[in-house]
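Let me begin by presenting the structure, written as structure tokens, before commenting on it.
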Amino acid sequence: MVNFSPLQLRTAETGKILPLGTYEPDTYLVPISPSGNSILSSLLVLSLTPGASVTVNYFQTTSANEQEERTVMMGHLPVTVASLSADQILVTRIHNKVYAEIIVAGGPCRIGLFGTVVSSVASDIDSALKRDGQVANLLVDKGIPVLGLDDDGTFKILPFVDGRIPVEATIVIATGAPVSVSGATSSVPTGLQVDVLSYLVPVGKRLTIHRLDFGGNNIARYSAVADALAIDQSWTWFSGPLWGCFDFGPSGARFAAGVTVKVQAIHSRPNPGDFSARLSGILENA
């Protein structure tokens, strides 16, 4: 078992419960201290060895001894197929010390687990309707009444229709053409910062970047840059993989026409380095 340091999570803050990386078969245990009673958990599985699987359990203890006493709250079902889309669940009713248990079996997997503390209202609604993880049954499920303060100063009970809260939503899906751009440079001497990848957003277009992947044969510092403005930085070390990525999430990072996006690298090793990078996103009409 591999034990991680405790992770502090503030309300509306997204944290890396298990940073994106390649993990060998083992059980990884992460204690979490959330400033709320519900966590939106996102499990991203980018690649698996054939026959491998990834399982995530969330449990809490009252004795603070995870070896002797644990109450399982919720978890991600075993994942055996890689996907660019994260599997998301809402872990509700957190009241004691909570742990995330990530089980990698059958071979190395490239995974990441991320958590966001959401409002207690979201937790209460989910608990009231689907506490057992099944279809809501208000005669059996032991949730709580959901009250709201109306604009006239009085409290109202949230209405239900057929056991569900009536909600209207408009989903806007970005349209455009997928764009994937690669770059590479070789024999880079020590101490020299180089452009590994450079992309100029065309006139009349808007670029949404979801990922910037990078890697090389030397440890190095990588920078994501837009018009000479640093967006993010990352380091690779001998104690970890020599590759990584800048992940901008499902909404991505948007850039207007004329902006030049780059991935830069610099290293301090005595031997020359070879580096590569890839941009993945969507190109839309402005």
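The chains in the structure tokens are called A, B, ... from first to last as shown; in each chain the residues are counted from 1, and the ligands are counted from 1 in the order shown.
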| Can you tell me, as an NGL selection string, what residues are no more than 8 Å from segment 206-215 of chain A when counting only C-alpha atoms, ignoring any on the same chain fewer than 6 positions away? | :A and (222 or 224 or 242-257 or 263 or 275-286)
| message | Residues within 12 Å of segment 84-89 of chain A, please, as a ChimeraX atom specification. Count only C-alpha atoms; anything in the same chain fewer than 3 positions from it doesn't count. | response | /A:38-47,54-58,73-79,81,92,110-116,118,123,126,133,210-211,247,249-250,280
Create the file for the chosen residues now, containing C-alpha atoms and written as a tab-separated table (two decimals), in the first residue's frame.
chain	number	residue	atom	x	y	z
A	38	SER	CA	-19.71	16.51	-0.54
A	39	ILE	CA	-17.02	15.93	-3.18
A	40	LEU	CA	-17.46	15.76	-6.95
A	41	SER	CA	-15.00	13.02	-7.88
A	42	SER	CA	-13.57	12.74	-11.42
A	43	LEU	CA	-11.60	9.65	-12.44
A	44	LEU	CA	-9.59	9.99	-15.66
A	45	VAL	CA	-8.17	6.78	-17.15
A	46	LEU	CA	-6.07	7.57	-20.24
A	47	SER	CA	-4.44	4.18	-20.79
A	54	VAL	CA	-8.80	0.77	-11.82
A	55	THR	CA	-11.22	0.94	-8.86
A	56	VAL	CA	-11.81	3.88	-6.52
A	57	ASN	CA	-13.50	3.70	-3.10
A	58	TYR	CA	-14.30	6.54	-0.73
A	73	MET	CA	-19.62	5.75	1.24
A	74	MET	CA	-19.35	5.53	-2.53
A	75	GLY	CA	-16.89	4.73	-5.30
A	76	HIS	CA	-16.17	4.53	-9.00
A	77	LEU	CA	-17.01	1.19	-10.58
A	78	PRO	CA	-13.99	-0.75	-11.91
A	79	VAL	CA	-12.71	0.84	-15.14
A	81	VAL	CA	-11.40	0.72	-20.85
A	92	THR	CA	-22.20	12.87	-0.30
A	110	ARG	CA	-2.04	6.12	-16.69
A	111	ILE	CA	-4.70	7.68	-14.46
A	112	GLY	CA	-5.62	10.74	-12.43
A	113	LEU	CA	-8.21	11.33	-9.71
A	114	PHE	CA	-9.52	14.84	-9.05
A	115	GLY	CA	-11.96	16.14	-6.44
A	116	THR	CA	-14.01	19.32	-6.09
A	118	VAL	CA	-19.33	21.35	-3.88
A	123	SER	CA	-25.17	17.10	-1.36
A	126	ASP	CA	-28.59	14.19	-4.09
A	133	GLY	CA	-27.41	5.25	-5.48
A	210	HIS	CA	-7.91	21.04	-23.91
A	211	ARG	CA	-4.44	19.53	-23.50
A	247	ASP	CA	-4.70	19.84	-18.78
A	249	GLY	CA	-10.26	20.52	-18.44
A	250	PRO	CA	-13.50	20.01	-20.40
A	280	SER	CA	-5.08	19.05	-28.73
| note | re atom CA of Pro272 of chain A and atom CA of Leu200 of chain A: distance 27.7 Å
